[in-house]
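Dumped work-v8.csv below, it's CSV, C-alpha atoms:
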```csv
chain,number,residue,atom,x,y,z
C,183,MET,CA,-3.8,13.7,-52.7
C,184,ARG,CA,-2.7,16.9,-51.0
C,185,ARG,CA,-5.4,16.5,-48.4
C,186,LEU,CA,-4.3,13.0,-47.8
C,187,LEU,CA,-0.7,14.0,-47.4
C,188,PHE,CA,-1.7,16.8,-45.0
C,189,PHE,CA,-3.8,14.4,-42.9
C,190,LEU,CA,-0.9,11.9,-42.7
C,191,LEU,CA,1.4,14.7,-41.7
C,192,ILE,CA,-0.9,15.7,-38.8
C,193,LEU,CA,-1.2,12.1,-37.7
C,194,SER,CA,2.5,11.7,-37.6
C,195,VAL,CA,2.9,14.9,-35.5
C,196,PHE,CA,0.4,13.7,-33.0
C,197,ALA,CA,1.9,10.2,-32.9
C,198,GLY,CA,5.3,11.7,-32.2
C,199,ARG,CA,3.9,13.8,-29.4
C,200,SER,CA,2.2,10.9,-27.9
C,201,ALA,CA,5.3,8.8,-28.1
C,202,GLU,CA,7.3,11.6,-26.5
C,203,ALA,CA,4.7,11.8,-23.6
C,204,ARG,CA,5.0,8.1,-23.1
C,205,GLU,CA,8.8,8.2,-23.0
C,206,ARG,CA,9.0,11.1,-20.6
C,207,GLY,CA,10.0,10.1,-17.1
C,208,PRO,CA,8.4,11.3,-13.9
C,209,LEU,CA,8.6,15.0,-13.1
C,210,VAL,CA,10.5,15.8,-10.0
C,211,LEU,CA,10.4,19.2,-8.3
C,212,ALA,CA,13.5,19.5,-6.1
C,213,ALA,CA,15.4,22.0,-4.0
C,214,ALA,CA,18.1,23.9,-5.8
C,215,SER,CA,20.8,22.5,-3.6
C,216,LEU,CA,20.2,19.0,-5.1
C,217,GLN,CA,21.2,19.8,-8.7
C,218,ASP,CA,24.3,17.8,-8.9
C,219,SER,CA,23.4,14.9,-6.6
C,220,LEU,CA,19.8,14.3,-7.9
C,221,THR,CA,21.1,14.5,-11.5
C,222,ALA,CA,23.5,11.8,-10.7
C,223,ALA,CA,20.7,9.7,-9.1
C,224,ALA,CA,18.6,10.2,-12.2
C,225,ASP,CA,21.5,9.1,-14.4
C,226,ALA,CA,21.9,5.9,-12.3
C,227,TRP,CA,18.2,5.2,-12.5
C,228,THR,CA,18.1,5.8,-16.3
C,229,ALA,CA,21.1,3.5,-16.7
C,230,GLN,CA,19.0,0.7,-15.3
C,231,GLY,CA,16.7,1.0,-18.4
C,232,HIS,CA,14.1,3.3,-16.9
C,233,GLU,CA,12.6,6.5,-18.5
C,234,ARG,CA,14.8,9.4,-17.5
C,235,PRO,CA,13.1,11.6,-14.8
C,236,ILE,CA,12.5,15.3,-15.6
C,237,LEU,CA,14.2,17.3,-12.9
C,238,SER,CA,13.1,20.9,-12.1
C,239,PHE,CA,15.2,22.8,-9.5
C,240,ALA,CA,14.2,25.9,-7.6
C,241,ALA,CA,13.7,27.2,-4.0
C,242,SER,CA,11.5,24.8,-2.0
C,243,SER,CA,9.2,27.7,-1.4
C,244,ALA,CA,8.7,28.3,-5.1
C,245,LEU,CA,8.2,24.6,-5.8
C,246,ALA,CA,5.6,24.2,-3.0
C,247,ARG,CA,3.6,27.1,-4.4
C,248,GLN,CA,3.8,25.6,-7.9
C,249,ILE,CA,2.4,22.3,-6.5
C,250,GLU,CA,-0.4,24.2,-4.7
C,251,ALA,CA,-1.2,25.9,-8.0
C,252,GLY,CA,-1.7,22.6,-9.8
C,253,ALA,CA,1.7,21.9,-11.3
C,254,PRO,CA,1.5,18.4,-12.9
C,255,ALA,CA,4.5,17.0,-11.0
C,256,ASP,CA,5.1,13.5,-9.6
C,257,LEU,CA,7.6,13.9,-6.7
C,258,PHE,CA,8.6,16.7,-4.4
C,259,LEU,CA,12.0,16.8,-2.7
C,260,SER,CA,12.1,19.8,-0.3
C,261,ALA,CA,15.0,21.3,1.6
C,262,ASP,CA,13.0,21.7,4.8
C,263,GLU,CA,10.0,20.1,6.5
C,264,PRO,CA,7.8,23.2,6.7
C,265,TRP,CA,7.3,23.5,3.0
C,266,MET,CA,6.5,19.8,2.7
C,267,ASP,CA,4.1,20.4,5.6
C,268,ALA,CA,2.4,23.2,3.6
C,269,VAL,CA,1.9,20.9,0.7
C,270,ALA,CA,0.6,18.1,3.0
C,271,LYS,CA,-2.0,20.4,4.6
C,272,LYS,CA,-3.5,20.9,1.1
C,273,GLY,CA,-3.9,17.2,0.7
C,274,LEU,CA,-1.4,17.1,-2.2
C,275,LEU,CA,0.9,14.3,-0.9
C,276,ARG,CA,0.2,10.6,-1.5
C,277,ARG,CA,-0.5,9.0,1.9
C,278,GLY,CA,2.4,7.0,3.3
C,279,THR,CA,5.1,8.2,0.9
C,280,ARG,CA,6.6,11.0,2.9
C,281,ALA,CA,10.1,10.2,4.2
C,282,THR,CA,13.1,12.3,5.4
C,283,LEU,CA,15.8,11.4,3.0
C,284,LEU,CA,18.8,13.7,3.6
C,285,THR,CA,20.6,16.0,6.0
C,286,ASN,CA,23.0,18.9,5.4
C,287,LYS,CA,25.2,21.5,7.1
C,288,LEU,CA,25.3,25.3,7.0
C,289,VAL,CA,28.6,27.0,6.2
C,290,LEU,CA,30.1,30.4,5.6
C,291,ILE,CA,32.0,30.7,2.3
C,292,ALA,CA,34.3,33.2,0.6
C,293,PRO,CA,36.1,33.4,-2.8
C,294,ALA,CA,38.6,30.5,-3.2
C,295,GLU,CA,41.6,32.8,-2.8
C,296,THR,CA,40.6,33.8,0.7
C,297,MET,CA,42.9,32.1,3.1
C,298,LYS,CA,41.7,33.3,6.5
C,299,ALA,CA,39.4,31.0,8.5
C,300,MET,CA,36.6,32.6,10.4
C,301,PRO,CA,35.5,30.5,13.5
C,302,ILE,CA,31.8,31.1,13.9
C,303,ARG,CA,30.8,31.7,17.5
C,304,ARG,CA,28.6,34.0,19.5
C,305,GLY,CA,29.7,37.6,19.0
C,306,PHE,CA,31.8,36.8,16.0
C,307,PRO,CA,32.5,40.1,14.2
C,308,LEU,CA,30.8,39.2,10.9
C,309,ALA,CA,29.7,42.7,10.1
C,310,ARG,CA,33.2,43.9,10.4
C,311,ALA,CA,34.4,41.0,8.2
C,312,LEU,CA,32.0,42.2,5.5
C,313,GLY,CA,33.3,45.7,5.5
C,314,ASN,CA,31.4,47.6,2.9
C,315,GLY,CA,30.3,44.4,1.2
C,316,ARG,CA,27.2,42.3,1.6
C,317,LEU,CA,26.4,38.8,2.8
C,318,ALA,CA,24.9,36.5,0.2
C,319,MET,CA,22.2,34.1,1.3
C,320,ALA,CA,18.9,32.7,0.1
C,321,ASP,CA,15.9,34.8,0.9
C,322,PRO,CA,15.6,34.5,4.7
C,323,GLY,CA,11.9,35.2,4.6
C,324,SER,CA,10.9,32.1,2.7
C,325,VAL,CA,13.8,29.9,1.3
C,326,PRO,CA,15.0,27.1,3.6
C,327,ALA,CA,18.7,27.9,3.3
C,328,GLY,CA,18.0,31.5,4.1
C,329,LYS,CA,15.7,30.6,7.0
C,330,TYR,CA,18.3,28.3,8.5
C,331,GLY,CA,20.9,31.1,8.0
C,332,LYS,CA,18.8,33.7,9.8
C,333,ALA,CA,18.0,31.4,12.6
C,334,SER,CA,21.7,30.7,13.2
C,335,LEU,CA,22.7,34.3,12.9
C,336,THR,CA,20.0,35.2,15.4
C,337,ALA,CA,21.0,32.5,17.8
C,338,LEU,CA,24.6,33.8,17.7
C,339,GLY,CA,23.5,37.4,18.3
C,340,LEU,CA,24.8,38.4,14.8
C,341,TRP,CA,21.5,39.2,13.0
C,342,PRO,CA,21.0,42.8,14.1
C,343,ALA,CA,24.4,43.8,12.9
C,344,VAL,CA,24.1,42.2,9.4
C,345,ALA,CA,20.4,42.4,8.6
C,346,ALA,CA,20.9,45.5,6.5
C,347,LYS,CA,23.8,43.9,4.7
C,348,ILE,CA,22.0,40.9,3.4
C,349,ALA,CA,22.1,40.2,-0.4
C,350,ALA,CA,19.0,38.0,-0.6
C,351,ALA,CA,18.9,35.5,-3.5
C,352,GLU,CA,16.0,33.5,-4.9
C,353,ASN,CA,17.7,30.2,-3.9
C,354,VAL,CA,20.9,28.9,-2.4
C,355,ARG,CA,22.6,28.3,-5.7
C,356,ALA,CA,22.0,31.9,-6.7
C,357,ALA,CA,23.7,32.9,-3.4
C,358,LEU,CA,26.6,30.7,-4.2
C,359,ALA,CA,26.9,32.3,-7.6
C,360,MET,CA,27.2,35.8,-6.0
C,361,VAL,CA,30.3,34.6,-4.1
C,362,GLU,CA,31.7,32.8,-7.1
C,363,ARG,CA,31.5,36.0,-9.2
C,364,ARG,CA,33.1,38.0,-6.4
C,365,GLN,CA,30.0,40.2,-6.1
C,366,VAL,CA,30.1,39.8,-2.4
C,367,PRO,CA,32.9,38.8,0.0
C,368,LEU,CA,31.0,36.2,2.0
C,369,GLY,CA,27.9,34.0,1.7
C,370,ILE,CA,25.9,31.4,3.7
C,371,VAL,CA,25.1,28.2,1.8
C,372,TYR,CA,24.9,24.4,2.5
C,373,ALA,CA,28.1,22.5,2.8
C,374,THR,CA,27.2,20.5,-0.3
C,375,ASP,CA,26.9,23.7,-2.4
C,376,ALA,CA,30.4,24.8,-1.3
C,377,ARG,CA,31.7,21.4,-2.1
C,378,ALA,CA,30.3,21.6,-5.7
C,379,SER,CA,32.2,24.8,-6.5
C,380,LYS,CA,36.0,25.3,-7.0
C,381,ALA,CA,35.5,29.0,-7.0
C,382,VAL,CA,34.7,29.2,-3.2
C,383,ARG,CA,36.1,27.8,0.0
C,384,ILE,CA,34.5,27.2,3.4
C,385,VAL,CA,35.8,29.7,6.0
C,386,GLY,CA,33.5,28.7,8.8
C,387,VAL,CA,30.9,26.1,9.8
C,388,PHE,CA,27.7,27.0,11.7
C,389,SER,CA,26.9,24.8,14.7
C,390,ALA,CA,24.0,22.5,14.2
C,391,ALA,CA,22.7,23.6,17.5
C,392,SER,CA,22.3,27.2,16.2
C,393,HIS,CA,19.5,26.4,13.7
C,394,PRO,CA,16.7,23.8,13.2
C,395,PRO,CA,17.8,20.5,11.8
C,396,ILE,CA,18.5,20.7,8.1
C,397,THR,CA,16.5,17.8,6.6
C,398,TYR,CA,15.2,17.0,3.1
C,399,PRO,CA,11.8,15.2,3.0
C,400,LEU,CA,10.7,13.3,-0.1
C,401,ALA,CA,7.1,12.4,-1.1
C,402,LEU,CA,5.0,11.3,-4.0
C,403,LEU,CA,2.3,13.8,-5.0
C,404,SER,CA,-1.3,12.8,-5.0
C,405,ARG,CA,-1.9,13.9,-8.6
C,406,SER,CA,0.9,11.7,-9.9
C,407,THR,CA,-0.1,9.1,-12.5
C,408,HIS,CA,3.3,8.3,-14.0
C,409,ARG,CA,4.0,4.6,-14.0
C,410,GLU,CA,7.6,5.0,-12.8
C,411,ALA,CA,7.1,7.7,-10.2
C,412,ALA,CA,6.8,5.2,-7.3
C,413,GLY,CA,9.8,3.2,-8.6
C,414,PHE,CA,12.0,6.3,-8.7
C,415,HIS,CA,10.8,7.2,-5.2
C,416,ARG,CA,11.8,3.8,-3.9
C,417,PHE,CA,15.2,4.1,-5.7
C,418,LEU,CA,16.0,7.4,-4.0
C,419,LEU,CA,15.2,5.9,-0.6
C,420,SER,CA,17.2,2.7,-1.3
C,421,ALA,CA,20.7,2.0,-0.1
C,422,ARG,CA,22.0,2.6,-3.6
C,423,GLY,CA,20.2,5.9,-4.0
C,424,LYS,CA,21.4,7.2,-0.6
C,425,ALA,CA,25.0,6.2,-1.5
C,426,ILE,CA,24.8,8.6,-4.4
C,427,PHE,CA,23.8,11.5,-2.2
C,428,ARG,CA,26.5,10.7,0.3
C,429,ARG,CA,29.1,11.0,-2.5
C,430,TYR,CA,28.0,14.6,-2.8
C,431,GLY,CA,28.4,15.3,0.9
C,432,PHE,CA,24.8,14.8,2.1
C,433,GLY,CA,24.0,12.9,5.2
C,434,ALA,CA,21.4,10.2,4.5
C,435,ARG,CA,18.8,8.9,6.9
```

Turn this file's structure into structure tokens for me.
Amino acid sequence: MRRLLFFLLILSVFAGRSAEARERGPLVLAAASLQDSLTAAADAWTAQGHERPILSFAASSALARQIEAGAPADLFLSADEPWMDAVAKKGLLRRGTRATLLTNKLVLIAPAETMKAMPIRRGFPLARALGNGRLAMADPGSVPAGKYGKASLTALGLWPAVAAKIAAAENVRAALAMVERRQVPLGIVYATDARASKAVRIVGVFSAASHPPITYPLALLSRSTHREAAGFHRFLLSARGKAIFRRYGFGAR
């Protein structure tokens, strides 16, 4: 009898795990700047009776490396084209599913109590504005928001003066948090990140001409076998999906 009960218990555990696996929605690897908007999109999709997508947020660079290492994900939503290109070159995208979904802007932020605007132009005394503080931004060596930021500062002739004052973060939301916690006086993030926080305010906007276009490509991954992955992909690209992202300040293609 004990053996029978033990056997039934094991069966119930495996049955529960199998049911859980069936009920799990597609796994989406997405840029950190999409936390609020993509969560809202997942909520809307789930409300239609679908399995809730599993969302994993990090720097696009880190996510691309996870995909290349064999992460069992279904969709990739990057904050720039180069990291999507890197995944594509490995043959890890499902053919015909890549599309540019969103656009964004780059801004300079400060703690919310800061009242002074800082018009950003060539020769702007950014280093002087920092004083003894540092400039928070995503890692300019690999993370899209940081790469955009460095490109803009370089185009404006500001990079040499601030390069030694950069507080590099693992992703753009981590850079935002540094400013929110008053660890640094200024930071460079996307406009949508600034909009998501009441603890910071935008003090300057970088010209779109000073950096490569900020675009967010979306694609299904070739390893994906989830039955709802293609459906969620279509939903994000639909008029209803794009309307959700626009509510959070993104431009939608």

Item checked: Point-to-point distance in Å for CA of Ser243 (chain C) and CA of Phe432 (chain C) ->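 One can read the CA of Phe432 (chain C) to CA of Ser243 (chain C) distance as 20.5 Å.
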
Notebook entry, point to check: Nearest to Gln365 (chain C): which of C:Ala246, C:Lys347, C:Leu317, C:Ser334 is it, counting all atoms listed in the file?
Noted result: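 The answer is C:Leu317, which sits nearest to Gln365 (chain C).
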
Next item on the list: Neighbourhood query: residues within 9 Å of (22.1, 26.8, 15.4), file coordinates, counting all atoms listed in the file; return as number ranges by chain.
Entry: C: 330-331, 333-338, 388-395

Margin query: Which residues are close to Glu295 (chain C), i.e. within 9 Å by all atoms listed in the file, leaving aside same-chain residues fewer than 4 positions away? Reply as a list in words.
Written below: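 Close residues of Glu295 (chain C): Ala381, Val382 and Arg383 of chain C.
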
Margin query: Taking 3 positions as the minimum chain separation for residues in the same chain, which residues sit within 7 Å of Arg316 (chain C) when counting all atoms listed in the file? Answer as a PyMOL selection string.
Written below: chain C and resi 312+347-349+366-367

Check: Near Ile426 (chain C), within 10 Å and counting only C-alpha atoms, which residues show up once chain neighbours fewer than 6 positions away are dropped, as a list in words?
Finding: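 Near neighbours after the sequence-gap exclusion: Ser219, Leu220, Thr221, Ala222, Ala223, Ala226, Leu418, Phe432 and Ala434 of chain C.
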
Item checked: Pick from C:Pro307, C:Pro235, C:Gly313, C:Gly386 nearest to Phe417 (chain C), counting all atoms listed in the file ->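 Once distances to Phe417 (chain C) are computed over all atoms listed in the file, the minimum belongs to C:Pro235.
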
Note to self: Need the shell around Gly305 (chain C): protein/DNA/RNA residues with any atom at most 12 Å away, counting all atoms listed in the file. Skip same-chain ones fewer than 3 positions apart. Format as a list in words?
What the structure shows: Pro301, Ile302, Leu308, Ala309, Arg310, Leu335, Thr336, Ala337, Leu338, Gly339, Leu340, Trp341, Pro342 and Ala343 of chain C

Next item on the list: Please provide as a ChimeraX atom specification all residues within 12 Å of Ala270 (chain C), with the sequence filter that same-chain residues fewer than 2 positions apart are discarded (counting all atoms listed in the file).
Entry: /C:246,249-250,258,263-268,272-280,399-404

Would you write out those residues with C-alpha atoms, as a PDB file, in the coordinates of the input?
```
ATOM      1  CA  ALA C 246       5.600  24.200  -3.000  1.00  0.00           C
ATOM      2  CA  ILE C 249       2.400  22.300  -6.500  1.00  0.00           C
ATOM      3  CA  GLU C 250      -0.400  24.200  -4.700  1.00  0.00           C
ATOM      4  CA  PHE C 258       8.600  16.700  -4.400  1.00  0.00           C
ATOM      5  CA  GLU C 263      10.000  20.100   6.500  1.00  0.00           C
ATOM      6  CA  PRO C 264       7.800  23.200   6.700  1.00  0.00           C
ATOM      7  CA  TRP C 265       7.300  23.500   3.000  1.00  0.00           C
ATOM      8  CA  MET C 266       6.500  19.800   2.700  1.00  0.00           C
ATOM      9  CA  ASP C 267       4.100  20.400   5.600  1.00  0.00           C
ATOM     10  CA  ALA C 268       2.400  23.200   3.600  1.00  0.00           C
ATOM     11  CA  LYS C 272      -3.500  20.900   1.100  1.00  0.00           C
ATOM     12  CA  GLY C 273      -3.900  17.200   0.700  1.00  0.00           C
ATOM     13  CA  LEU C 274      -1.400  17.100  -2.200  1.00  0.00           C
ATOM     14  CA  LEU C 275       0.900  14.300  -0.900  1.00  0.00           C
ATOM     15  CA  ARG C 276       0.200  10.600  -1.500  1.00  0.00           C
ATOM     16  CA  ARG C 277      -0.500   9.000   1.900  1.00  0.00           C
ATOM     17  CA  GLY C 278       2.400   7.000   3.300  1.00  0.00           C
ATOM     18  CA  THR C 279       5.100   8.200   0.900  1.00  0.00           C
ATOM     19  CA  ARG C 280       6.600  11.000   2.900  1.00  0.00           C
ATOM     20  CA  PRO C 399      11.800  15.200   3.000  1.00  0.00           C
ATOM     21  CA  LEU C 400      10.700  13.300  -0.100  1.00  0.00           C
ATOM     22  CA  ALA C 401       7.100  12.400  -1.100  1.00  0.00           C
ATOM     23  CA  LEU C 402       5.000  11.300  -4.000  1.00  0.00           C
ATOM     24  CA  LEU C 403       2.300  13.800  -5.000  1.00  0.00           C
ATOM     25  CA  SER C 404      -1.300  12.800  -5.000  1.00  0.00           C
TER      26      SER C 404
END
```

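The interatomic distance for the pair CA of Thr282 (chain C) and CA of Thr407 (chain C) works out to 22.5 Å.
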
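Counting only C-alpha atoms and comparing C:Arg422, C:Ala318, C:Lys380, C:Gly323, the residue that lies closest to Val289 (chain C) is C:Ala318.
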
Checklist line | Residue nearest Ile291 (chain C) among C:Ala261, C:Ala251, C:Ala421, C:Ala359 (counting all atoms listed in the file) | finding: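 Answer, going by the shortest atom-to-atom distance: C:Ala359.
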
Check: At what distance in Å, to one decimal, does CA of Phe239 (chain C) lie from CA of Leu216 (chain C)?
Finding: 7.7 Å

Checklist line | Nearest to His415 (chain C) by atom-to-atom distance, counting only C-alpha atoms, from C:Ala229, C:Ala244, C:Leu259, C:Gln217 | finding: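 The answer is C:Leu259, which sits nearest to His415 (chain C).
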
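Using all atoms listed in the file, the shortest contact distance between Ala240 (chain C) and any of C:Tyr430, C:Ala213, C:Val344, C:Pro208 is found at C:Ala213.
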